[in-house]
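Visitor: Okay, so here is start_34.cif, and as you'll see once you scroll down, it has mmCIF, C-alpha atoms.
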```
data_my_file
#
loop_
_atom_site.label_atom_id
_atom_site.label_comp_id
_atom_site.auth_asym_id
_atom_site.auth_seq_id
_atom_site.Cartn_x
_atom_site.Cartn_y
_atom_site.Cartn_z
CA MET A 1 91.45 -40.87 45.96
CA ASP A 2 93.89 -41.31 43.23
CA CYS A 3 93.56 -38.36 40.95
CA ASN A 4 96.51 -39.14 38.83
CA PHE A 5 94.63 -38.76 35.51
CA ASN A 6 96.19 -38.30 32.19
CA PHE A 7 94.83 -35.63 29.84
CA GLY A 8 91.81 -37.83 28.82
CA GLY A 9 90.81 -38.28 32.40
CA LYS A 10 90.85 -34.52 33.03
CA LYS A 11 88.58 -33.97 30.08
CA ALA A 12 86.07 -36.45 31.35
CA LEU A 13 86.14 -34.83 34.75
CA LEU A 14 85.40 -31.41 33.27
CA ILE A 15 82.46 -32.71 31.32
CA LEU A 16 81.01 -34.38 34.36
CA GLY A 17 81.38 -31.18 36.32
CA GLY A 18 79.52 -29.22 33.64
CA LEU A 19 76.66 -31.68 33.65
CA LEU A 20 76.37 -31.42 37.40
CA CYS A 21 76.20 -27.63 37.15
CA LEU A 22 73.40 -27.84 34.57
CA LEU A 23 71.39 -30.26 36.67
CA THR A 24 71.80 -28.06 39.70
CA ALA A 25 70.62 -24.98 37.83
CA SER A 26 67.53 -26.69 36.37
CA ALA A 27 66.44 -28.06 39.67
CA GLY A 28 66.40 -24.55 41.14
CA ALA A 29 64.04 -22.62 38.49
CA GLN A 30 61.70 -24.76 36.40
CA THR A 31 59.93 -22.83 33.59
CA SER A 32 57.45 -23.67 30.90
CA SER A 33 56.32 -21.71 27.90
CA GLY A 34 53.51 -22.07 25.34
CA GLN A 35 51.56 -20.27 22.67
CA LEU A 36 47.84 -19.98 22.13
CA THR A 37 47.02 -19.23 18.52
CA ILE A 38 43.70 -17.45 17.97
CA THR A 39 41.99 -17.78 14.63
CA MET A 40 38.87 -15.93 13.54
CA ASN A 41 37.16 -15.09 10.33
CA VAL A 42 35.46 -11.71 10.13
CA GLN A 43 32.74 -11.60 7.55
CA SER A 44 31.15 -8.73 5.74
CA SER A 45 27.48 -8.40 6.54
CA ILE A 46 24.57 -6.17 5.79
CA THR A 47 21.17 -5.82 7.39
CA LEU A 48 17.85 -4.41 6.28
CA ILE A 49 15.09 -2.80 8.28
CA PHE A 50 11.90 -0.93 7.49
CA GLN A 51 11.20 2.39 9.11
CA ASN A 52 8.33 4.81 9.19
CA ASN A 53 8.85 7.73 6.90
CA PRO A 54 9.19 11.08 8.67
CA SER A 55 5.85 12.02 7.09
CA VAL A 56 4.11 9.09 8.73
CA GLY A 57 0.50 9.78 9.55
CA THR A 58 -0.09 12.07 6.64
CA THR A 59 -1.80 10.99 3.46
CA GLY A 60 0.26 8.35 1.74
CA PHE A 61 2.39 7.50 4.76
CA CYS A 62 0.75 4.92 6.96
CA PRO A 63 2.53 3.70 10.07
CA LEU A 64 4.20 0.33 9.94
CA THR A 65 3.59 -2.15 12.66
CA ASN A 66 6.83 -3.37 14.21
CA ALA A 67 8.72 -0.56 12.50
CA GLY A 68 12.46 -0.67 12.88
CA THR A 69 12.68 -4.37 12.16
CA ASN A 70 12.91 -6.49 9.06
CA ASN A 71 9.42 -7.90 9.51
CA VAL A 72 6.75 -5.26 9.51
CA GLY A 73 3.08 -4.89 8.70
CA LEU A 74 1.34 -2.36 6.51
CA ASP A 75 -2.45 -2.26 6.65
CA PHE A 76 -4.31 -0.35 3.97
CA GLY A 77 -7.63 -0.81 5.73
CA THR A 78 -10.83 -1.37 3.79
CA ALA A 79 -11.43 0.12 0.39
CA ALA A 80 -13.77 -0.15 -2.54
CA PHE A 81 -14.01 1.35 -5.97
CA PRO A 82 -17.44 3.01 -5.70
CA GLY A 83 -17.40 6.38 -4.17
CA SER A 84 -13.66 6.25 -3.58
CA PHE A 85 -14.49 4.43 -0.39
CA HIS A 86 -11.61 3.83 2.00
CA THR A 87 -11.44 3.63 5.74
CA SER A 88 -7.80 4.44 6.29
CA ALA A 89 -7.02 8.09 6.82
CA CYS A 90 -3.38 7.63 5.89
CA VAL A 91 -3.55 5.72 2.62
CA ASN A 92 -3.39 7.52 -0.66
CA TYR A 93 -6.53 6.45 -2.53
CA GLN A 94 -6.88 7.07 -6.23
CA HIS A 95 -9.04 6.06 -9.15
CA LEU A 96 -6.52 5.22 -11.85
CA ASN A 97 -9.20 4.96 -14.50
CA ALA A 98 -12.88 4.18 -14.85
CA ALA A 99 -12.49 0.73 -13.38
CA VAL A 100 -9.37 0.52 -11.21
CA TYR A 101 -8.57 1.99 -7.85
CA GLN A 102 -5.25 2.14 -6.07
CA VAL A 103 -4.25 2.48 -2.47
CA SER A 104 -0.67 3.24 -1.62
CA SER A 105 1.56 4.10 1.28
CA ALA A 106 5.24 4.93 1.54
CA PHE A 107 7.84 3.81 4.05
CA ASP A 108 11.61 3.78 4.32
CA VAL A 109 14.09 0.98 3.77
CA VAL A 110 17.42 1.25 5.53
CA VAL A 111 20.29 -1.10 4.75
CA SER A 112 23.42 -0.97 6.88
CA LYS A 113 26.76 -2.64 6.32
CA SER A 114 29.55 -3.86 8.52
CA ASN A 115 33.08 -4.92 7.69
CA SER A 116 32.41 -4.34 4.07
CA SER A 117 34.03 -2.28 1.38
CA SER A 118 30.87 -2.49 -0.67
CA PRO A 119 30.05 1.00 -1.89
CA ASN A 120 26.32 0.43 -2.24
CA TYR A 121 23.71 -2.25 -2.64
CA ARG A 122 21.05 -3.53 -4.96
CA LEU A 123 17.46 -3.73 -3.81
CA ALA A 124 14.91 -6.14 -5.14
CA ALA A 125 11.53 -7.45 -4.07
CA GLN A 126 9.02 -10.13 -4.80
CA ILE A 127 5.61 -11.15 -3.57
CA SER A 128 4.90 -14.43 -1.87
CA THR A 129 1.73 -15.57 -3.53
CA PRO A 130 0.05 -14.77 -6.83
CA PRO A 131 -2.64 -12.14 -6.22
CA PRO A 132 -6.19 -12.63 -7.50
CA ALA A 133 -6.89 -11.68 -11.08
CA ASN A 134 -7.00 -7.94 -11.63
CA VAL A 135 -5.10 -7.23 -8.45
CA SER A 136 -1.53 -5.99 -8.64
CA TRP A 137 1.04 -5.20 -5.99
CA LEU A 138 3.67 -2.66 -6.95
CA LEU A 139 6.60 -0.83 -5.47
CA ASN A 140 7.26 2.58 -6.93
CA ASN A 141 5.14 1.63 -9.94
CA VAL A 142 7.09 -1.59 -10.53
CA THR A 143 4.81 -4.59 -10.57
CA LEU A 144 5.92 -7.40 -8.31
CA THR A 145 5.61 -11.05 -9.17
CA THR A 146 6.21 -14.43 -7.62
CA ALA A 147 8.48 -15.44 -10.49
CA GLY A 148 11.53 -13.95 -8.86
CA PHE A 149 12.97 -10.84 -7.37
CA THR A 150 12.29 -7.71 -9.33
CA THR A 151 15.08 -5.16 -9.16
CA LEU A 152 14.00 -1.89 -7.65
CA ASP A 153 17.35 -0.10 -7.36
CA THR A 154 20.86 -0.94 -8.45
CA ALA A 155 22.99 1.34 -6.28
CA ASP A 156 21.38 2.49 -3.07
CA ASN A 157 23.51 4.01 -0.37
CA TYR A 158 23.99 2.29 2.94
CA ALA A 159 22.56 3.73 6.12
CA THR A 160 20.35 6.02 4.12
CA PRO A 161 16.57 5.78 4.24
CA ILE A 162 15.25 4.84 0.85
CA THR A 163 11.60 5.71 0.50
CA LYS A 164 9.48 3.12 -1.22
CA THR A 165 5.79 3.27 -1.99
CA LEU A 166 3.77 0.09 -1.83
CA GLN A 167 0.76 0.18 -4.11
CA VAL A 168 -2.21 -2.13 -4.51
CA GLN A 169 -4.27 -1.79 -7.66
CA VAL A 170 -7.69 -3.38 -7.72
CA LYS A 171 -10.17 -3.53 -10.57
CA ASN A 172 -13.80 -2.97 -9.71
CA THR A 173 -14.67 -6.47 -10.88
CA VAL A 174 -12.64 -8.05 -8.10
CA ALA A 175 -14.91 -9.72 -5.60
CA ALA A 176 -14.93 -8.44 -2.08
CA GLN A 177 -12.21 -10.21 -0.18
CA PRO A 178 -9.17 -9.61 1.98
CA LEU A 179 -6.06 -9.09 -0.07
CA LEU A 180 -3.00 -10.23 1.79
CA GLU A 181 0.53 -10.30 0.51
CA THR A 182 3.98 -10.72 1.92
CA ILE A 183 6.55 -8.69 0.05
CA THR A 184 10.09 -9.86 0.51
CA PHE A 185 12.85 -7.32 0.04
CA LEU A 186 16.37 -8.46 -0.79
CA ALA A 187 19.38 -6.18 -0.47
CA THR A 188 22.57 -7.42 -2.09
CA ALA A 189 25.91 -5.76 -1.57
CA ASN A 190 27.59 -4.50 -4.71
CA MET B 1 57.11 -39.68 18.83
CA LEU B 2 55.31 -37.08 20.99
CA LYS B 3 56.56 -34.23 18.82
CA LYS B 4 55.26 -35.96 15.72
CA TYR B 5 51.84 -36.47 17.34
CA ILE B 6 51.64 -32.83 18.37
CA SER B 7 52.65 -31.72 14.92
CA ILE B 8 49.94 -33.84 13.32
CA MET B 9 47.30 -32.49 15.70
CA ARG B 10 48.32 -28.90 15.01
CA GLY B 11 48.06 -29.48 11.30
CA ALA B 12 44.66 -31.08 11.65
CA ALA B 13 43.40 -28.17 13.74
CA LEU B 14 44.65 -25.67 11.19
CA VAL B 15 42.96 -27.52 8.35
CA ALA B 16 39.74 -27.70 10.35
CA LEU B 17 39.81 -23.97 10.97
CA MET B 18 40.43 -23.29 7.33
CA LEU B 19 37.58 -25.56 6.29
CA CYS B 20 35.31 -23.99 8.87
CA GLY B 21 36.01 -20.55 7.54
CA ALA B 22 35.48 -21.65 4.00
CA SER B 23 32.10 -23.16 4.77
CA LEU B 24 30.68 -19.86 6.11
CA PRO B 25 29.72 -17.67 3.17
CA ALA B 26 30.11 -13.95 3.50
CA GLN B 27 26.76 -12.39 4.39
CA THR B 28 26.43 -9.91 1.57
CA THR B 29 22.67 -10.04 1.41
CA ALA B 30 19.95 -8.99 3.78
CA SER B 31 16.24 -9.46 3.55
CA GLY B 32 13.07 -8.27 5.15
CA VAL B 33 9.37 -8.68 4.63
CA ILE B 34 6.40 -6.40 4.62
CA ASN B 35 3.09 -8.01 5.32
CA GLY B 36 0.64 -5.92 3.33
CA SER B 37 -3.09 -6.17 3.78
CA LEU B 38 -6.07 -4.59 2.09
CA ASN B 39 -9.69 -5.49 2.60
CA ASN B 40 -11.28 -5.02 -0.79
CA THR B 41 -14.95 -4.52 -0.15
CA ASN B 42 -17.93 -4.17 -2.47
CA GLY B 43 -20.55 -1.57 -3.01
CA ILE B 44 -22.08 0.88 -5.39
CA ALA B 45 -22.01 4.63 -5.44
CA ILE B 46 -24.21 7.17 -7.14
CA GLN B 47 -23.22 10.56 -8.38
CA PHE B 48 -24.93 13.33 -10.28
CA ASP B 49 -23.27 14.85 -13.29
CA SER B 50 -24.14 17.90 -15.30
CA ASP B 51 -25.63 17.05 -18.65
CA PRO B 52 -24.50 19.14 -21.62
CA ALA B 53 -28.14 19.94 -22.34
CA GLY B 54 -29.09 20.80 -18.78
CA VAL B 55 -28.22 23.25 -16.08
CA THR B 56 -24.82 23.10 -14.54
CA LEU B 57 -25.16 21.25 -11.31
CA GLY B 58 -23.71 22.49 -8.11
CA ALA B 59 -21.31 19.95 -6.61
CA ALA B 60 -21.47 17.94 -9.80
CA GLY B 61 -19.75 14.60 -9.58
CA THR B 62 -20.93 14.01 -6.06
CA ASN B 63 -23.92 12.33 -4.50
CA ALA B 64 -25.27 15.61 -3.13
CA ALA B 65 -25.68 17.96 -6.03
CA THR B 66 -27.94 20.91 -6.63
CA ALA B 67 -29.87 22.01 -9.69
CA ASN B 68 -30.93 25.61 -9.82
CA PHE B 69 -33.68 26.32 -12.32
CA GLY B 70 -33.43 30.02 -11.67
CA THR B 71 -36.57 32.03 -12.19
CA VAL B 72 -39.30 30.16 -14.00
CA SER B 73 -42.59 31.27 -15.41
CA ALA B 74 -45.12 30.15 -17.94
CA PHE B 75 -44.07 32.72 -20.49
CA GLY B 76 -40.97 34.54 -19.38
CA PRO B 77 -37.35 33.83 -20.15
CA LEU B 78 -35.65 30.81 -18.67
CA SER B 79 -32.14 30.14 -17.51
CA GLY B 80 -29.71 28.29 -19.70
CA GLY B 81 -30.25 24.57 -19.62
CA VAL B 82 -33.89 24.97 -18.71
CA THR B 83 -36.62 24.35 -21.23
CA ARG B 84 -40.35 24.66 -21.07
CA PRO B 85 -41.81 21.67 -22.88
CA SER B 86 -45.44 22.40 -22.13
CA VAL B 87 -47.73 25.18 -21.10
CA THR B 88 -51.39 24.54 -20.47
CA ALA B 89 -54.11 26.47 -18.79
CA ALA B 90 -53.65 24.45 -15.63
CA ASN B 91 -49.91 24.30 -15.43
CA PHE B 92 -46.63 24.66 -17.16
CA THR B 93 -43.60 22.44 -17.08
CA VAL B 94 -39.97 23.45 -16.92
CA ARG B 95 -37.33 20.87 -17.54
CA THR B 96 -33.67 20.31 -17.18
CA ILE B 97 -31.56 17.28 -17.83
CA PHE B 98 -29.13 15.81 -15.40
CA ASP B 99 -27.01 12.68 -15.49
CA VAL B 100 -26.89 9.88 -12.99
CA GLN B 101 -23.84 7.70 -12.86
CA VAL B 102 -23.66 4.65 -10.68
CA VAL B 103 -20.35 2.94 -10.10
CA SER B 104 -19.99 -0.55 -8.75
CA GLY B 105 -17.13 -2.51 -7.28
CA GLY B 106 -16.65 -6.03 -6.03
CA LEU B 107 -20.01 -7.14 -7.39
CA THR B 108 -21.19 -9.55 -10.03
CA SER B 109 -24.15 -7.27 -10.70
CA THR B 110 -24.18 -5.69 -14.14
CA THR B 111 -27.10 -3.32 -13.77
CA TYR B 112 -28.93 -1.38 -11.14
CA THR B 113 -32.41 -0.16 -10.37
CA LEU B 114 -32.88 3.53 -9.76
CA THR B 115 -35.65 4.86 -7.57
CA ALA B 116 -36.48 8.35 -6.40
CA ASN B 117 -38.68 10.02 -3.89
CA LEU B 118 -39.34 13.45 -2.53
CA ALA B 119 -37.73 14.07 0.81
CA ALA B 120 -40.86 15.91 1.89
CA ALA B 121 -44.28 16.52 0.47
CA ALA B 122 -44.25 18.68 -2.61
CA PRO B 123 -44.91 22.36 -2.04
CA THR B 124 -48.36 23.58 -2.92
CA GLY B 125 -48.86 24.00 -6.63
CA MET B 126 -45.78 21.97 -7.54
CA ASN B 127 -45.22 18.53 -8.93
CA TYR B 128 -41.93 16.90 -9.69
CA LYS B 129 -41.25 14.28 -12.29
CA VAL B 130 -38.22 12.32 -13.29
CA ASP B 131 -38.49 10.78 -16.72
CA ALA B 132 -42.24 11.50 -16.63
CA ILE B 133 -42.70 9.60 -13.39
CA THR B 134 -44.39 11.71 -10.77
CA LEU B 135 -42.53 11.71 -7.51
CA THR B 136 -44.03 11.36 -4.08
CA THR B 137 -42.49 10.79 -0.72
CA ALA B 138 -42.61 7.07 -1.51
CA ALA B 139 -39.92 5.61 -3.71
CA GLN B 140 -40.81 5.46 -7.39
CA THR B 141 -38.88 3.30 -9.81
CA ILE B 142 -37.18 5.41 -12.43
CA GLN B 143 -35.03 2.82 -14.20
CA VAL B 144 -34.65 -0.91 -13.80
CA ASN B 145 -31.58 -1.71 -15.85
CA GLY B 146 -29.13 1.11 -15.44
CA ALA B 147 -25.65 0.36 -16.67
CA TYR B 148 -22.81 1.00 -14.29
CA SER B 149 -20.13 3.58 -14.87
CA THR B 150 -22.24 5.33 -17.47
CA ALA B 151 -23.64 8.81 -17.22
CA ILE B 152 -27.32 8.28 -17.95
CA PRO B 153 -29.38 11.41 -18.66
CA HIS B 154 -32.69 11.90 -16.95
CA ASN B 155 -35.33 14.56 -17.42
CA LEU B 156 -36.28 16.47 -14.35
CA ASP B 157 -39.62 18.18 -14.80
CA LEU B 158 -41.13 20.75 -12.52
CA VAL B 159 -44.85 21.00 -13.13
CA VAL B 160 -46.02 24.34 -11.88
CA SER B 161 -49.64 25.12 -11.33
CA THR B 162 -50.84 28.27 -12.98
CA ALA B 163 -53.24 28.92 -10.12
CA ALA B 164 -52.70 32.01 -8.04
CA PRO B 165 -50.98 31.83 -4.67
CA GLY B 166 -53.52 30.87 -2.05
CA ALA B 167 -55.72 29.31 -4.66
CA GLY B 168 -53.74 26.17 -5.22
CA GLY B 169 -50.85 27.83 -6.95
CA PRO B 170 -47.27 27.97 -5.71
CA ALA B 171 -45.74 30.79 -3.75
CA VAL B 172 -44.53 33.53 -6.01
CA GLY B 173 -41.32 35.46 -5.65
CA THR B 174 -40.00 33.08 -3.01
CA PRO B 175 -37.41 30.40 -3.61
CA ILE B 176 -38.91 26.96 -3.55
CA THR B 177 -36.49 24.27 -2.63
CA THR B 178 -37.20 20.60 -2.83
CA THR B 179 -34.96 17.66 -2.18
CA ILE B 180 -35.24 14.46 -4.19
CA ASN B 181 -33.66 11.30 -2.89
CA PHE B 182 -32.32 8.83 -5.41
CA THR B 183 -31.43 5.28 -4.60
CA ALA B 184 -29.55 2.87 -6.84
CA THR B 185 -29.86 -0.79 -6.01
CA ALA B 186 -27.68 -3.44 -7.60
CA ASN B 187 -29.69 -5.99 -9.58
#
```
Go ahead and express the file in the form of structure tokens.

Guide:
Amino acid sequence: MDCNFNFGGKKALLILGGLLCLLTASAGAQTSSGQLTITMNVQSSITLIFQNNPSVGTTGFCPLTNAGTNNVGLDFGTAAFPGSFHTSACVNYQHLNAAVYQVSSAFDVVVSKSNSSSPNYRLAAQISTPPPANVSWLLNNVTLTTAGFTTLDTADNYATPITKTLQVQVKNTVAAQPLLETITFLATAN
Amino acid sequence: MLKKYISIMRGAALVALMLCGASLPAQTTASGVINGSLNNTNGIAIQFDSDPAGVTLGAAGTNAATANFGTVSAFGPLSGGVTRPSVTAANFTVRTIFDVQVVSGGLTSTTYTLTANLAAAAPTGMNYKVDAITLTTAAQTIQVNGAYSTAIPHNLDLVVSTAAPGAGGPAVGTPITTTINFTATAN
């Protein structure tokens, strides 16, 4: 082979040699790299449950059905104005005046937060259907309506049982009938 | 060309993630429901109240009260709240006044009828009257149009024979207790 190159020929030979070295190296250790990018969005959240008050079973503290959830039942039993008649041993029965009786029972509301810097929460409630005339549903002496949520508290602490008393006031002119009401509680983070 | 395609896809994915995050509102509210129930029933209830002009009832304000006339006689002193409206040769009458209050609920009724009867036959030498109506063990109508939630006074008369014990007169020196049953019925 005639290797009598001038300077340009030597340069070309060097370049070719380098390319051969690179090809040899790549054929011996193939690698691959990649990235997996994870995206998530953590949200603040709060939750509300109803609990039996520690005094449950005593007068004014009836047990909730399904306690510990956000959908509970509270049965006041049967009551009438005459003779302060009431069948439930746990309700607090009172004659408010000469024509109105009230049954009431207390329970606890617990609101918990997660991933939130909210210092406290607002609590409101409303009833689902208009009660019959001369029947009122109240929480801590605040009359509830169907017109919208009625504010009960403006700065309740999280994870702390807040005792609320549900009251039903019935005038003695109200015909005998079952009185049913769904009271919706709404906790809003401040 | 491939690099451009990959770049476009990465951008689209990023935008989608951003939009997805934006469409999920932060859950800063929580709700729960309480299903409350009360069975409002109807009925009426009777109670006896002390009348200002009569004896003070025991267990006033209940439906099982007592009225103690104390010691009575045709001519001797009487307890407070007890009067003696008549004395004849055959008998004398001692009287007190008590109130009956009937409360209703869940009814359309506006008045009630009040009846009374002796729980047992009257002791020898004794007669009992409410508002001048002589009581027996059968129910006697005392009032036909009593208003609810109103304390209505009634005269309770004990008519005592002046005959001697064993001769048709009452026992002397021994407490005589009689129970009167009252019934209010919604009209």

Visitor: Sort by chain and increasing residue number a table of all residues of chain A within 6 Å of chain B, each with its closest pair of atoms and their distance in Å to one decimal, counting all atoms listed in the file, and write it as a tab-separated table.

Guide:
```
residue	atom	partner	partner_atom	distance
A:Gln43	CA	B:Ala26	CA	5.4
A:Ser44	CA	B:Ala26	CA	5.8
A:Ser45	CA	B:Gln27	CA	4.6
A:Ile46	CA	B:Ala30	CA	5.8
A:Thr47	CA	B:Ala30	CA	5.0
A:Leu48	CA	B:Ala30	CA	5.6
A:Asn70	CA	B:Gly32	CA	4.3
A:Asn71	CA	B:Val33	CA	4.9
A:Val72	CA	B:Ile34	CA	5.0
A:Gly73	CA	B:Asn35	CA	4.6
A:Leu74	CA	B:Gly36	CA	4.8
A:Asp75	CA	B:Ser37	CA	4.9
A:Phe76	CA	B:Leu38	CA	5.0
A:Gly77	CA	B:Leu38	CA	5.5
A:Thr78	CA	B:Asn39	CA	4.4
A:Ala79	CA	B:Asn40	CA	5.3
A:Ala80	CA	B:Thr41	CA	5.1
A:Phe81	CA	B:Gly105	CA	5.1
A:Pro82	CA	B:Ala45	CA	4.9
A:Gly83	CA	B:Ala45	CA	5.1
A:Asn172	CA	B:Gly105	CA	4.1
A:Thr173	CA	B:Gly106	CA	5.3
A:Val174	CA	B:Gly106	CA	4.9
A:Ala175	CA	B:Gly106	CA	4.1
A:Ala176	CA	B:Thr41	CA	4.4
A:Gln177	CA	B:Asn40	CA	5.3
A:Pro178	CA	B:Asn39	CA	4.2
A:Leu179	CA	B:Leu38	CA	5.0
A:Leu180	CA	B:Ser37	CA	4.5
A:Glu181	CA	B:Gly36	CA	5.2
A:Thr182	CA	B:Asn35	CA	4.4
A:Ile183	CA	B:Ile34	CA	5.1
A:Thr184	CA	B:Val33	CA	4.3
A:Phe185	CA	B:Gly32	CA	5.2
A:Leu186	CA	B:Ser31	CA	4.5
A:Ala187	CA	B:Ala30	CA	5.1
A:Thr188	CA	B:Thr29	CA	4.4
A:Ala189	CA	B:Thr28	CA	5.2
```

Visitor: Using atom CA of Asp131 of chain B and atom CA of Asp157 of chain B as the two end points, give the distance in Å to one decimal.

Guide: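 Computed distance, atom CA of Asp131 of chain B to atom CA of Asp157 of chain B, equals 7.7 Å.
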
Visitor: Given the file above and the PyMOL selection byres ((chain A and resi 51-61) around 12), which residues are selected, and can you give them as a ChimeraX atom specification?

Guide: /A:48-50,62-76,88-94,102-111,159-167 /B:32,34

Visitor: Apply the PyMOL selection byres ((chain B and resi 177-183) around 7) to the file shown and report the selected residues as a ChimeraX atom specification.

Guide: /B:114-119,175-176,184-185

Visitor: Tell me which residues the PyMOL selection byres ((chain B and resi 85-93) around 8) grabs here, as a ChimeraX atom specification.

Guide: /B:73-74,83-84,94-95,157-163

Visitor: Counting all atoms listed in the file, note down every residue that has an atom within 10 Å of the point (-32.0, 29.7, -12.5) (file coordinates), as a ChimeraX atom specification.

Guide: /B:55-56,67-72,78-82

Visitor: Give me, please, the distance in Å between atom CA of Val168 of chain A and atom CA of Asp49 of chain B, quoted to one decimal.

Guide: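 Between atom CA of Val168 of chain A and atom CA of Asp49 of chain B the gap is 28.4 Å.
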